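Enquirer: Quick one: the structure is below, and I'll ask about it shortly.
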Amino acid sequence: MEPIQIKIGEESYPVIEEAAKFDTSIFSSVYTKAKELINTYLETLQAGKPKNNIIGFVGDRGSGKTSCMLSVKEALIKGEKEWGAGTRFLEIEMIDPSFFEEDCNILELILAKFFVWFKEQTLKEELGGKNTRIGRYYWKRSN
């Protein structure tokens with residue numbers, strides 16, 4: 001295990017680890033279990049019998065849940081070896097829990113994120129491959 005480094009002033013920020021360092025991380029057992037669950041799910045999906053499509057990261061406040069989830073997300077998006085090899089994963093922005101209200105639920109937020117992604121891809125194709133972000137905090141390029 002590598003020595004733990006704490007940067008003054010950044011103690012409460014998430015740390016995104018590279019997949020190459022997962023084996024020596026303090027969270028190595030969490031990464032191993034996440035990889036196992038993701039690959040098992042992908043196998044059941046290919047077999048046409050998907051089940052257990054939710055992976056929970058559980059722990060006390062400040063225990064590293066966000067850091068682990070973001071690190072796993074990066075490994076999946078980058079297509080790291082042994083992390084869903086050959087599978088393309090769609091990345092949506094993280095959902096801030098403060099958006100949850102009595103009249104808004106997680107499903108609505110996820111569908112909205114997927115819709116924004118779809119619109120961005122459509123607009124990108126229309127503009128000949130140029131990256132354009134749309135949505136709540138982004139601008140839309142006009143012709």
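Ligands are numbered from 1 in the order shown, residues from 1 within each chain, and chains are lettered A, B, ... in the order they appear in the structure tokens.
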Using the chain letters and numbers from this document, which residues of chain A does DSSP assign to alpha helix (DSSP H), as number ranges by chain?
Expert: A: 28-46, 65-77, 106-126
Enquirer: Report as a Markdown table the residues of stretch 38-130 of chain A within 9 Å of stretch 17-24 of chain A, each with its shortest atom pair and distance in Å (one decimal), using only C-alpha atoms, ordered by chain and increasing residue number.
Expert:
```
| residue | atom | partner | partner_atom | distance |
| --- | --- | --- | --- | --- |
| A:Ser67 | CA | A:Glu17 | CA | 7.8 |
| A:Cys68 | CA | A:Glu17 | CA | 8.1 |
| A:Leu70 | CA | A:Glu17 | CA | 8.4 |
| A:Ser71 | CA | A:Glu17 | CA | 5.3 |
| A:Val72 | CA | A:Ala19 | CA | 7.8 |
| A:Glu74 | CA | A:Glu18 | CA | 7.9 |
| A:Ala75 | CA | A:Ala19 | CA | 5.8 |
| A:Glu80 | CA | A:Ala19 | CA | 7.0 |
| A:Lys81 | CA | A:Ala19 | CA | 8.7 |
```
Enquirer: Compile the contact shell of A:Tyr41 as a CSV table (one decimal) with C-alpha atoms, in the first residue's frame: residues with an atom at most 10 Å away, counting only C-alpha atoms, same-chain residues fewer than 4 positions apart removed.
Expert:
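The resulting around.csv:
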```csv
chain,number,residue,atom,x,y,z
A,35,LYS,CA,-14.9,-4.5,-10.9
A,36,GLU,CA,-16.2,-8.0,-10.1
A,37,LEU,CA,-19.8,-6.7,-9.8
A,45,LEU,CA,-26.5,-8.4,-19.9
A,46,GLN,CA,-24.8,-10.2,-22.8
A,47,ALA,CA,-26.5,-13.4,-21.9
A,49,LYS,CA,-30.6,-12.0,-18.4
A,50,PRO,CA,-29.6,-8.7,-16.7
A,51,LYS,CA,-30.1,-8.4,-13.0
A,52,ASN,CA,-28.7,-6.5,-10.1
A,53,ASN,CA,-27.9,-3.4,-12.0
A,54,ILE,CA,-27.3,-1.2,-8.9
A,55,ILE,CA,-24.0,-1.0,-7.2
A,84,GLY,CA,-15.8,-3.7,-18.8
```
Enquirer: With distances taken over only C-alpha atoms, which of A:Leu123, A:Ile26, A:Ala34, A:Val58 is nearest to A:Pro3?
Expert: A:Ile26
Enquirer: Do a neighbour search on A:Ala85 at 10 Å with only C-alpha atoms, toss out local chain neighbours closer than 4 positions, and write the hits as number ranges by chain.
Expert: A: 39, 42, 76, 78-81
Enquirer: Record the distance separating atom CA of A:Gly64 and atom CA of A:Ser28, expressed in Å with one decimal.
Expert: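 Value for the atom CA of A:Gly64-atom CA of A:Ser28 distance: 12.0 Å.
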